[in-house]
file upload-v4.cif (mmCIF, C-alpha atoms)
data_data
loop_
_atom_site.group_PDB
_atom_site.id
_atom_site.type_symbol
_atom_site.label_atom_id
_atom_site.label_comp_id
_atom_site.auth_asym_id
_atom_site.auth_seq_id
_atom_site.Cartn_x
_atom_site.Cartn_y
_atom_site.Cartn_z
ATOM 1 C CA MET A 1 16.078 -16.557 4.410
ATOM 2 C CA ALA A 2 15.710 -12.956 5.560
ATOM 3 C CA THR A 3 12.428 -11.955 7.141
ATOM 4 C CA GLY A 4 10.624 -8.723 7.830
ATOM 5 C CA ARG A 5 11.311 -8.948 11.538
ATOM 6 C CA THR A 6 15.031 -8.266 11.307
ATOM 7 C CA HIS A 7 15.136 -5.887 8.324
ATOM 8 C CA ARG A 8 13.401 -2.556 7.887
ATOM 9 C CA PRO A 9 13.057 -0.496 4.689
ATOM 10 C CA ALA A 10 15.617 2.243 4.128
ATOM 11 C CA THR A 11 13.063 4.963 3.381
ATOM 12 C CA ARG A 12 12.581 6.164 6.964
ATOM 13 C CA SER A 13 16.238 6.838 7.654
ATOM 14 C CA ARG A 14 16.666 8.689 4.362
ATOM 15 C CA GLY A 15 13.825 11.119 5.019
ATOM 16 C CA ILE A 16 11.926 10.382 1.806
ATOM 17 C CA PRO A 17 8.576 12.255 1.856
ATOM 18 C CA GLU A 18 5.443 10.194 2.379
ATOM 19 C CA ALA A 19 3.992 11.395 -0.946
ATOM 20 C CA THR A 20 7.095 10.130 -2.758
ATOM 21 C CA VAL A 21 6.942 6.765 -0.980
ATOM 22 C CA ALA A 22 3.301 6.424 -2.078
ATOM 23 C CA ARG A 23 4.354 6.893 -5.723
ATOM 24 C CA LEU A 24 7.298 4.479 -5.711
ATOM 25 C CA PRO A 25 5.071 1.402 -6.240
ATOM 26 C CA LEU A 26 3.535 3.140 -9.274
ATOM 27 C CA TYR A 27 6.970 3.678 -10.784
ATOM 28 C CA LEU A 28 7.971 0.115 -9.968
ATOM 29 C CA ARG A 29 4.890 -1.301 -11.670
ATOM 30 C CA ALA A 30 5.556 0.747 -14.827
ATOM 31 C CA LEU A 31 9.250 -0.177 -14.803
ATOM 32 C CA THR A 32 8.494 -3.866 -14.314
ATOM 33 C CA ALA A 33 6.256 -3.782 -17.392
ATOM 34 C CA LEU A 34 9.081 -2.175 -19.371
ATOM 35 C CA SER A 35 11.568 -4.745 -18.083
ATOM 36 C CA GLU A 36 9.281 -7.585 -19.151
ATOM 37 C CA ARG A 37 9.329 -6.102 -22.652
ATOM 38 C CA SER A 38 13.152 -5.914 -22.536
ATOM 39 C CA VAL A 39 13.154 -2.106 -22.786
ATOM 40 C CA PRO A 40 16.655 -1.014 -21.646
ATOM 41 C CA THR A 41 16.118 2.697 -20.936
ATOM 42 C CA VAL A 42 13.207 5.053 -20.462
ATOM 43 C CA SER A 43 12.904 8.840 -20.406
ATOM 44 C CA SER A 44 11.369 10.672 -17.460
ATOM 45 C CA GLU A 45 8.486 11.782 -19.693
ATOM 46 C CA GLU A 46 7.713 8.229 -20.830
ATOM 47 C CA LEU A 47 7.941 6.767 -17.347
ATOM 48 C CA ALA A 48 5.886 9.600 -15.829
ATOM 49 C CA ALA A 49 3.133 9.024 -18.389
ATOM 50 C CA ALA A 50 3.131 5.280 -17.678
ATOM 51 C CA ALA A 51 2.913 5.934 -13.919
ATOM 52 C CA GLY A 52 0.273 8.654 -14.225
ATOM 53 C CA VAL A 53 2.327 11.551 -12.801
ATOM 54 C CA ASN A 54 4.083 14.558 -14.333
ATOM 55 C CA SER A 55 7.751 14.296 -15.285
ATOM 56 C CA ALA A 56 8.916 17.098 -12.963
ATOM 57 C CA LYS A 57 7.425 15.305 -9.970
ATOM 58 C CA LEU A 58 9.027 12.038 -11.085
ATOM 59 C CA ARG A 59 12.468 13.622 -11.377
ATOM 60 C CA LYS A 60 12.095 15.154 -7.922
ATOM 61 C CA ASP A 61 11.020 11.794 -6.483
ATOM 62 C CA PHE A 62 14.023 10.060 -8.026
ATOM 63 C CA SER A 63 16.369 12.719 -6.654
ATOM 64 C CA TYR A 64 15.527 11.443 -3.164
ATOM 65 C CA LEU A 65 16.833 8.065 -4.298
ATOM 66 C CA GLY A 66 20.020 9.593 -5.672
ATOM 67 C CA SER A 67 19.040 8.627 -9.224
ATOM 68 C CA TYR A 68 19.186 11.391 -11.838
ATOM 69 C CA GLY A 69 19.341 9.521 -15.142
ATOM 70 C CA THR A 70 21.573 10.363 -18.090
ATOM 71 C CA ARG A 71 20.857 13.330 -20.349
ATOM 72 C CA GLY A 72 19.810 12.168 -23.793
ATOM 73 C CA VAL A 73 19.574 8.551 -22.640
ATOM 74 C CA GLY A 74 17.147 8.473 -19.715
ATOM 75 C CA TYR A 75 16.998 6.000 -16.856
ATOM 76 C CA ASP A 76 18.333 2.463 -16.866
ATOM 77 C CA VAL A 77 15.209 0.345 -16.397
ATOM 78 C CA GLU A 78 16.800 -2.655 -14.652
ATOM 79 C CA TYR A 79 18.786 -0.485 -12.270
ATOM 80 C CA LEU A 80 15.709 1.527 -11.322
ATOM 81 C CA VAL A 81 13.721 -1.673 -10.710
ATOM 82 C CA TYR A 82 16.427 -2.807 -8.309
ATOM 83 C CA GLN A 83 16.833 0.609 -6.679
ATOM 84 C CA ILE A 84 13.132 1.145 -6.008
ATOM 85 C CA SER A 85 12.664 -2.466 -4.896
ATOM 86 C CA ARG A 86 15.506 -1.987 -2.421
ATOM 87 C CA GLU A 87 14.048 1.251 -1.075
ATOM 88 C CA LEU A 88 10.648 -0.386 -0.617
ATOM 89 C CA GLY A 89 12.216 -3.375 1.127
ATOM 90 C CA LEU A 90 11.215 -5.793 -1.614
ATOM 91 C CA THR A 91 14.627 -7.389 -2.063
ATOM 92 C CA GLN A 92 13.922 -9.524 0.987
ATOM 93 C CA ASP A 93 11.190 -11.901 2.096
ATOM 94 C CA TRP A 94 8.222 -10.445 4.005
ATOM 95 C CA PRO A 95 6.047 -13.121 5.654
ATOM 96 C CA VAL A 96 2.432 -11.980 5.952
ATOM 97 C CA VAL A 97 -0.530 -13.339 7.911
ATOM 98 C CA ILE A 98 -4.113 -12.803 6.781
ATOM 99 C CA VAL A 99 -6.692 -12.792 9.579
ATOM 100 C CA GLY A 100 -10.307 -13.334 8.555
ATOM 101 C CA ILE A 101 -10.756 -15.863 5.755
ATOM 102 C CA GLY A 102 -14.193 -14.953 4.469
ATOM 103 C CA ASN A 103 -14.797 -14.062 0.832
ATOM 104 C CA LEU A 104 -12.373 -11.135 0.912
ATOM 105 C CA GLY A 105 -9.701 -12.948 2.918
ATOM 106 C CA ALA A 106 -9.863 -15.932 0.575
ATOM 107 C CA ALA A 107 -9.562 -13.622 -2.429
ATOM 108 C CA LEU A 108 -6.481 -12.016 -0.910
ATOM 109 C CA ALA A 109 -4.979 -15.423 -0.181
ATOM 110 C CA ASN A 110 -5.469 -16.373 -3.829
ATOM 111 C CA TYR A 111 -3.937 -13.153 -5.141
ATOM 112 C CA GLY A 112 -0.931 -14.184 -7.205
ATOM 113 C CA GLY A 113 0.869 -10.852 -7.050
ATOM 114 C CA PHE A 114 2.159 -11.191 -3.496
ATOM 115 C CA ALA A 115 4.988 -13.617 -4.219
ATOM 116 C CA SER A 116 6.276 -11.673 -7.214
ATOM 117 C CA ARG A 117 6.442 -8.489 -5.146
ATOM 118 C CA GLY A 118 8.417 -9.764 -2.168
ATOM 119 C CA PHE A 119 5.577 -10.992 0.064
ATOM 120 C CA ARG A 120 4.891 -14.521 1.245
ATOM 121 C CA VAL A 121 1.567 -15.515 2.786
ATOM 122 C CA ALA A 122 2.894 -17.367 5.806
ATOM 123 C CA ALA A 123 -0.447 -18.192 7.418
ATOM 124 C CA LEU A 124 -4.205 -17.820 7.149
ATOM 125 C CA ILE A 125 -6.115 -17.344 10.406
ATOM 126 C CA ASP A 126 -9.837 -17.432 11.183
ATOM 127 C CA ALA A 127 -11.951 -17.561 14.348
ATOM 128 C CA ASP A 128 -14.407 -20.108 12.943
ATOM 129 C CA PRO A 129 -13.479 -23.601 14.228
ATOM 130 C CA ALA A 130 -15.107 -25.112 11.133
ATOM 131 C CA MET A 131 -12.514 -23.376 8.969
ATOM 132 C CA ALA A 132 -9.533 -24.913 10.767
ATOM 133 C CA GLY A 133 -7.556 -27.147 8.437
ATOM 134 C CA THR A 134 -9.488 -26.063 5.357
ATOM 135 C CA PRO A 135 -7.022 -25.322 2.535
ATOM 136 C CA VAL A 136 -7.329 -21.922 0.872
ATOM 137 C CA ALA A 137 -4.901 -21.180 -1.948
ATOM 138 C CA GLY A 138 -3.079 -24.328 -0.864
ATOM 139 C CA ILE A 139 -2.582 -23.067 2.712
ATOM 140 C CA PRO A 140 -4.500 -24.676 5.608
ATOM 141 C CA VAL A 141 -6.465 -22.186 7.686
ATOM 142 C CA GLN A 142 -5.392 -22.047 11.350
ATOM 143 C CA HIS A 143 -7.562 -21.104 14.307
ATOM 144 C CA ALA A 144 -7.343 -17.624 15.824
ATOM 145 C CA ASP A 145 -6.497 -19.111 19.233
ATOM 146 C CA ASP A 146 -3.009 -19.793 17.870
ATOM 147 C CA LEU A 147 -2.451 -16.288 16.427
ATOM 148 C CA GLU A 148 0.405 -15.303 18.734
ATOM 149 C CA THR A 149 2.261 -18.578 18.201
ATOM 150 C CA ILE A 150 1.815 -18.337 14.430
ATOM 151 C CA VAL A 151 3.189 -14.784 14.344
ATOM 152 C CA ARG A 152 6.163 -15.718 16.495
ATOM 153 C CA ASP A 153 7.020 -18.958 14.704
ATOM 154 C CA ASN A 154 6.897 -17.333 11.255
ATOM 155 C CA GLY A 155 8.703 -14.125 12.177
ATOM 156 C CA VAL A 156 5.756 -12.066 10.914
ATOM 157 C CA SER A 157 5.842 -8.264 11.042
ATOM 158 C CA ILE A 158 3.021 -7.544 8.541
ATOM 159 C CA GLY A 159 -0.587 -8.495 9.230
ATOM 160 C CA VAL A 160 -3.638 -8.191 6.987
ATOM 161 C CA ILE A 161 -7.023 -7.784 8.691
ATOM 162 C CA SER A 162 -10.079 -8.778 6.643
ATOM 163 C CA THR A 163 -12.465 -9.517 9.512
ATOM 164 C CA PRO A 164 -15.868 -7.914 10.185
ATOM 165 C CA ALA A 165 -15.591 -4.447 11.719
ATOM 166 C CA GLY A 166 -16.571 -5.608 15.210
ATOM 167 C CA ALA A 167 -13.639 -8.002 15.479
ATOM 168 C CA ALA A 168 -10.963 -5.861 13.831
ATOM 169 C CA GLN A 169 -9.706 -3.896 16.847
ATOM 170 C CA GLN A 170 -9.292 -7.007 18.998
ATOM 171 C CA VAL A 171 -7.421 -8.747 16.176
ATOM 172 C CA CYS A 172 -5.274 -5.657 15.724
ATOM 173 C CA ASP A 173 -4.429 -5.536 19.440
ATOM 174 C CA ARG A 174 -3.417 -9.203 19.420
ATOM 175 C CA LEU A 175 -1.277 -8.792 16.306
ATOM 176 C CA VAL A 176 0.513 -5.793 17.792
ATOM 177 C CA ALA A 177 1.043 -7.553 21.126
ATOM 178 C CA ALA A 178 2.508 -10.510 19.227
ATOM 179 C CA GLY A 179 5.064 -8.261 17.525
ATOM 180 C CA VAL A 180 3.387 -7.200 14.261
ATOM 181 C CA THR A 181 4.421 -3.630 13.424
ATOM 182 C CA SER A 182 2.619 -3.047 10.105
ATOM 183 C CA ILE A 183 -1.069 -3.687 9.384
ATOM 184 C CA LEU A 184 -3.103 -3.561 6.197
ATOM 185 C CA ASN A 185 -6.713 -3.045 7.277
ATOM 186 C CA PHE A 186 -9.612 -4.065 5.037
ATOM 187 C CA ALA A 187 -12.168 -3.970 7.861
ATOM 188 C CA PRO A 188 -14.591 -1.010 7.612
ATOM 189 C CA THR A 189 -13.457 0.604 10.848
ATOM 190 C CA VAL A 190 -10.702 2.828 12.182
ATOM 191 C CA LEU A 191 -8.032 1.042 14.218
ATOM 192 C CA SER A 192 -6.216 2.472 17.213
ATOM 193 C CA VAL A 193 -2.558 1.485 17.389
ATOM 194 C CA PRO A 194 0.452 2.549 19.493
ATOM 195 C CA ASP A 195 3.433 4.536 18.265
ATOM 196 C CA GLY A 196 5.724 2.540 16.018
ATOM 197 C CA VAL A 197 2.911 0.624 14.301
ATOM 198 C CA ASP A 198 1.973 1.529 10.715
ATOM 199 C CA VAL A 199 -1.582 1.088 9.474
ATOM 200 C CA ARG A 200 -2.768 1.320 5.874
ATOM 201 C CA LYS A 201 -6.527 1.252 5.339
ATOM 202 C CA VAL A 202 -8.306 -0.057 2.244
ATOM 203 C CA ASP A 203 -11.994 0.897 2.165
ATOM 204 C CA LEU A 204 -13.642 0.080 -1.151
ATOM 205 C CA SER A 205 -16.931 1.742 -0.181
ATOM 206 C CA ILE A 206 -15.162 5.042 0.448
ATOM 207 C CA GLU A 207 -13.403 4.844 -2.912
ATOM 208 C CA LEU A 208 -16.759 4.183 -4.608
ATOM 209 C CA GLN A 209 -18.328 7.122 -2.793
ATOM 210 C CA ILE A 210 -15.528 9.378 -4.027
ATOM 211 C CA LEU A 211 -16.135 8.147 -7.572
ATOM 212 C CA ALA A 212 -19.866 8.799 -7.100
ATOM 213 C CA PHE A 213 -19.058 12.379 -6.111
ATOM 214 C CA HIS A 214 -17.040 12.887 -9.275
ATOM 215 C CA GLU A 215 -19.759 11.311 -11.410
ATOM 216 C CA GLN A 216 -22.309 13.654 -9.847
ATOM 217 C CA ARG A 217 -20.066 16.644 -10.465
ATOM 218 C CA LYS A 218 -19.570 15.665 -14.107
ATOM 219 C CA SER A 219 -23.327 15.303 -14.482
ATOM 220 C CA VAL A 220 -23.890 18.767 -13.005
ATOM 221 C CA GLU A 221 -21.244 20.260 -15.288
ATOM 222 C CA ASP A 222 -22.842 18.598 -18.328
ATOM 223 C CA THR A 223 -26.379 19.755 -17.544
ATOM 224 C CA GLY A 224 -25.530 23.060 -15.917
ATOM 225 C CA GLU A 225 -27.830 22.397 -12.989
ATOM 226 C CA ALA A 226 -28.097 20.077 -10.021
ATOM 227 C CA GLY A 227 -30.480 17.132 -10.101
ATOM 228 C CA VAL A 228 -33.180 16.395 -7.596
ATOM 229 C CA GLY A 229 -31.742 15.988 -4.122
ATOM 230 C CA GLN A 230 -28.264 17.114 -5.225
ATOM 231 C CA SER A 231 -26.619 20.072 -3.608
ATOM 232 C CA THR A 232 -24.654 22.551 -5.682
ATOM 233 C CA VAL A 233 -22.582 23.558 -2.665
ATOM 234 C CA GLY A 234 -19.007 22.500 -3.274
ATOM 235 C CA VAL A 235 -19.886 20.452 -6.336
ATOM 236 C CA ALA A 236 -18.616 22.925 -8.919
ATOM 237 C CA GLN A 237 -15.556 23.820 -6.883
ATOM 238 C CA ASP A 238 -12.246 22.063 -7.355
ATOM 239 C CA VAL A 239 -10.663 21.669 -3.951
ATOM 240 C CA SER A 240 -6.914 21.152 -4.159
ATOM 241 C CA VAL A 241 -5.080 19.209 -1.473
ATOM 242 C CA PRO A 242 -1.408 20.076 -0.829
ATOM 243 C CA ASP A 243 0.988 17.316 -1.820
ATOM 244 C CA ALA A 244 3.079 17.716 1.368
ATOM 245 C CA GLU A 245 6.202 16.917 -0.609
ATOM 246 C CA GLU A 246 8.552 17.965 2.161
ATOM 247 C CA ALA A 247 6.854 16.079 4.971
ATOM 248 C CA PRO A 248 9.125 13.304 6.303
ATOM 249 C CA VAL A 249 7.934 9.719 6.473
ATOM 250 C CA ARG A 250 6.273 8.919 9.772
ATOM 251 C CA PRO A 251 4.297 5.936 11.015
ATOM 252 C CA VAL A 252 0.638 6.216 10.020
ATOM 253 C CA ALA A 253 -1.561 5.371 12.980
ATOM 254 C CA GLU A 254 -5.259 5.545 12.244
ATOM 255 C CA GLY A 255 -6.093 5.983 15.889
ATOM 256 C CA ARG A 256 -4.020 9.162 16.032
ATOM 257 C CA LYS A 257 -4.741 10.712 12.634
ATOM 258 C CA GLY A 258 -8.329 9.680 12.039
ATOM 259 C CA PRO A 259 -9.972 8.182 8.946
ATOM 260 C CA ASP A 260 -9.139 11.193 6.789
ATOM 261 C CA GLY A 261 -5.527 11.541 7.881
ATOM 262 C CA ASP A 262 -3.888 8.627 6.089
ATOM 263 C CA MET A 263 -3.440 7.973 2.413
ATOM 264 C CA PRO A 264 -5.648 5.246 0.934
ATOM 265 C CA ALA A 265 -3.783 2.073 0.093
ATOM 266 C CA VAL A 266 -4.230 0.570 -3.352
ATOM 267 C CA MET A 267 -3.824 -3.071 -4.187
ATOM 268 C CA PRO A 268 -1.203 -3.628 -6.894
ATOM 269 C CA ALA A 269 -2.516 -4.542 -10.303
#
call {"tool": "encode", "arguments": {"input": "upload-v4.cif", "output": "structure tokens"}}
result
Amino acid sequence: MATGRTHRPATRSRGIPEATVARLPLYLRALTALSERSVPTVSSEELAAAAGVNSAKLRKDFSYLGSYGTRGVGYDVEYLVYQISRELGLTQDWPVVIVGIGNLGAALANYGGFASRGFRVAALIDADPAMAGTPVAGIPVQHADDLETIVRDNGVSIGVISTPAGAAQQVCDRLVAAGVTSILNFAPTVLSVPDGVDVRKVDLSIELQILAFHEQRKSVEDTGEAGVGQSTVGVAQDVSVPDAEEAPVRPVAEGRKGPDGDMPAVMPA
């Protein structure tokens, strides 16, 4: 069985922009839904609407994959599912370790979407000795003392950190030293990693704060005035962020780019 340690996704070598890579999972999710309904072809407009992007952007994204569709027919759904899965590295097995089996870690372990998307939870790790041997999602929790051995024995290159903030950097350092080159960070802190290590950060509180900002702005627009304690500075202005379509894919290291430099990761639905 192939593992993540010996195979890398093709996107880096092909120079696909980071913004395009971030949208590929959205297209794949929409295409998978169409495939499950036995829909053979889909137009760029239909697929763009299902993925929540505009059709011109979708066509440009697919041009990086060498897929242009057929005029009057659209895109072959099954072929696109395979093509995007291949580009994302999902046609192979990716063993993953989850470190920190509290409420969030246990929820991640029980998430059923990993296996169907090319990921296998190879091990669950926690620093609490009382957790050792406790089955979570049918997998016995192993102690953090054995982290390096677990990573090596399972050929793991992707680690998920769901520890408290104070422990996250030490866990990250140990994962990287053991050979992990990609990290999904749920801990509410910024991690520092060396070149060649990719970090994706998921911070639910930040996402909620962004939603709160938009709710406040909508409230101000509805009433025409700011509420008590609300500032009107910047609220009524729509700040556009460049899409950086032409930027090549590079490793995202939180320690180098800062908390605002990377794109927020989103758990698949």
call {"tool": "closest_residue", "arguments": {"input": "upload-v4.cif", "among": "A:Asn103, A:Asn154, A:Thr20, A:Ser162", "to": "Ser63 of chain A", "atoms": "all atoms listed in the file"}}
result
A:Thr20
call {"tool": "residues_near_point", "arguments": {"input": "upload-v4.cif", "point": "(16.7, 4.0, -19.2)", "cutoff": "12 Å", "atoms": "all atoms listed in the file", "output": "short mmCIF file (atom, residue, chain, number, x, y, z; two decimals) with C-alpha atoms, in the frame of the given file"}}
result
data_model
loop_
_atom_site.label_atom_id
_atom_site.label_comp_id
_atom_site.auth_asym_id
_atom_site.auth_seq_id
_atom_site.Cartn_x
_atom_site.Cartn_y
_atom_site.Cartn_z
CA LEU A 31 9.25 -0.18 -14.80
CA LEU A 34 9.08 -2.17 -19.37
CA SER A 35 11.57 -4.74 -18.08
CA SER A 38 13.15 -5.91 -22.54
CA VAL A 39 13.15 -2.11 -22.79
CA PRO A 40 16.66 -1.01 -21.65
CA THR A 41 16.12 2.70 -20.94
CA VAL A 42 13.21 5.05 -20.46
CA SER A 43 12.90 8.84 -20.41
CA SER A 44 11.37 10.67 -17.46
CA GLU A 45 8.49 11.78 -19.69
CA GLU A 46 7.71 8.23 -20.83
CA LEU A 47 7.94 6.77 -17.35
CA SER A 67 19.04 8.63 -9.22
CA TYR A 68 19.19 11.39 -11.84
CA GLY A 69 19.34 9.52 -15.14
CA THR A 70 21.57 10.36 -18.09
CA ARG A 71 20.86 13.33 -20.35
CA GLY A 72 19.81 12.17 -23.79
CA VAL A 73 19.57 8.55 -22.64
CA GLY A 74 17.15 8.47 -19.72
CA TYR A 75 17.00 6.00 -16.86
CA ASP A 76 18.33 2.46 -16.87
CA VAL A 77 15.21 0.34 -16.40
CA GLU A 78 16.80 -2.66 -14.65
CA TYR A 79 18.79 -0.48 -12.27
CA LEU A 80 15.71 1.53 -11.32
CA VAL A 81 13.72 -1.67 -10.71
#
call {"tool": "residues_around", "arguments": {"input": "upload-v4.cif", "residues": "segment 125-131 of chain A", "least_positions_apart": "6", "cutoff": "9 Å", "atoms": "only C-alpha atoms", "output": "list in words"}}
result
Val97, Ile98, Val99, Gly100, Ile101, Gly102, Pro140, Val141, Gln142, His143, Ala144, Asp145, Asp146, Leu147, Ile150 and Thr163 of chain A
call {"tool": "atom_distance", "arguments": {"input": "upload-v4.cif", "atom1": "atom CA of Pro95 of chain A", "atom2": "atom CA of Leu184 of chain A"}}
result
13.2 Å
call {"tool": "atom_distance", "arguments": {"input": "upload-v4.cif", "atom1": "atom CA of Ala137 of chain A", "atom2": "atom CA of Ala109 of chain A"}}
result
6.0 Å
call {"tool": "atom_distance", "arguments": {"input": "upload-v4.cif", "atom1": "atom CA of Arg174 of chain A", "atom2": "atom CA of Glu148 of chain A"}}
result
7.2 Å
call {"tool": "closest_residue", "arguments": {"input": "upload-v4.cif", "among": "A:Gly66, A:Gly159, A:Gly89, A:Pro17", "to": "Thr181 of chain A", "atoms": "all atoms listed in the file"}}
result
A:Gly159
call {"tool": "closest_residue", "arguments": {"input": "upload-v4.cif", "among": "A:Val53, A:Val160, A:Val171, A:Ala132", "to": "Gly105 of chain A", "atoms": "all atoms listed in the file"}}
result
A:Val160
call {"tool": "resolve_selection", "arguments": {"input": "upload-v4.cif", "expression": "the PyMOL selection byres ((chain A and resi 28) around 9)", "output": "CSV table (one decimal) with C-alpha atoms, keeping the file's coordinate frame"}}
result
chain,number,residue,atom,x,y,z
A,23,ARG,CA,4.4,6.9,-5.7
A,24,LEU,CA,7.3,4.5,-5.7
A,25,PRO,CA,5.1,1.4,-6.2
A,26,LEU,CA,3.5,3.1,-9.3
A,27,TYR,CA,7.0,3.7,-10.8
A,29,ARG,CA,4.9,-1.3,-11.7
A,30,ALA,CA,5.6,0.7,-14.8
A,31,LEU,CA,9.2,-0.2,-14.8
A,32,THR,CA,8.5,-3.9,-14.3
A,33,ALA,CA,6.3,-3.8,-17.4
A,51,ALA,CA,2.9,5.9,-13.9
A,80,LEU,CA,15.7,1.5,-11.3
A,81,VAL,CA,13.7,-1.7,-10.7
A,84,ILE,CA,13.1,1.1,-6.0
A,85,SER,CA,12.7,-2.5,-4.9
call {"tool": "resolve_selection", "arguments": {"input": "upload-v4.cif", "expression": "the PyMOL selection byres ((chain A and resi 166) around 12)", "output": "NGL selection string"}}
result
:A and (100 or 161-165 or 167-172 or 187-191)
call {"tool": "axis_aligned_box", "arguments": {"input": "upload-v4.cif", "around": "segment 131-139 of chain A", "padding_each_side": "4 Å", "output": "lines of an AutoDock Vina configuration file"}}
result
center_x = -7.5
center_y = -24.2
center_z = 4.4
size_x = 17.9
size_y = 14.0
size_z = 20.7
call {"tool": "build_atoms", "arguments": {"input": "upload-v4.cif", "residues": "segment 51-63 of chain A", "atoms": "N, CA and C atoms", "output": "CSV table (one decimal), in the frame of the given file"}}
result
chain,number,residue,atom,x,y,z
A,51,ALA,N,3.3,6.0,-15.3
A,51,ALA,CA,2.9,5.9,-13.9
A,51,ALA,C,1.8,6.9,-13.6
A,52,GLY,N,1.4,7.7,-14.5
A,52,GLY,CA,0.3,8.7,-14.2
A,52,GLY,C,0.6,9.9,-13.4
A,53,VAL,N,1.9,10.3,-13.5
A,53,VAL,CA,2.3,11.6,-12.8
A,53,VAL,C,3.0,12.5,-13.8
A,54,ASN,N,3.4,13.7,-13.4
A,54,ASN,CA,4.1,14.6,-14.3
A,54,ASN,C,5.6,14.3,-14.2
A,55,SER,N,6.3,14.6,-15.2
A,55,SER,CA,7.8,14.3,-15.3
A,55,SER,C,8.6,15.1,-14.3
A,56,ALA,N,8.2,16.3,-14.0
A,56,ALA,CA,8.9,17.1,-13.0
A,56,ALA,C,8.8,16.5,-11.6
A,57,LYS,N,7.6,16.0,-11.3
A,57,LYS,CA,7.4,15.3,-10.0
A,57,LYS,C,8.2,14.0,-9.9
A,58,LEU,N,8.2,13.3,-11.0
A,58,LEU,CA,9.0,12.0,-11.1
A,58,LEU,C,10.5,12.3,-10.9
A,59,ARG,N,11.0,13.3,-11.5
A,59,ARG,CA,12.5,13.6,-11.4
A,59,ARG,C,12.8,14.0,-9.9
A,60,LYS,N,11.9,14.8,-9.3
A,60,LYS,CA,12.1,15.2,-7.9
A,60,LYS,C,12.1,13.9,-7.0
A,61,ASP,N,11.1,13.0,-7.3
A,61,ASP,CA,11.0,11.8,-6.5
A,61,ASP,C,12.3,11.0,-6.6
A,62,PHE,N,12.8,10.9,-7.8
A,62,PHE,CA,14.0,10.1,-8.0
A,62,PHE,C,15.3,10.7,-7.4
A,63,SER,N,15.2,12.0,-7.3
A,63,SER,CA,16.4,12.7,-6.7
A,63,SER,C,16.5,12.3,-5.2
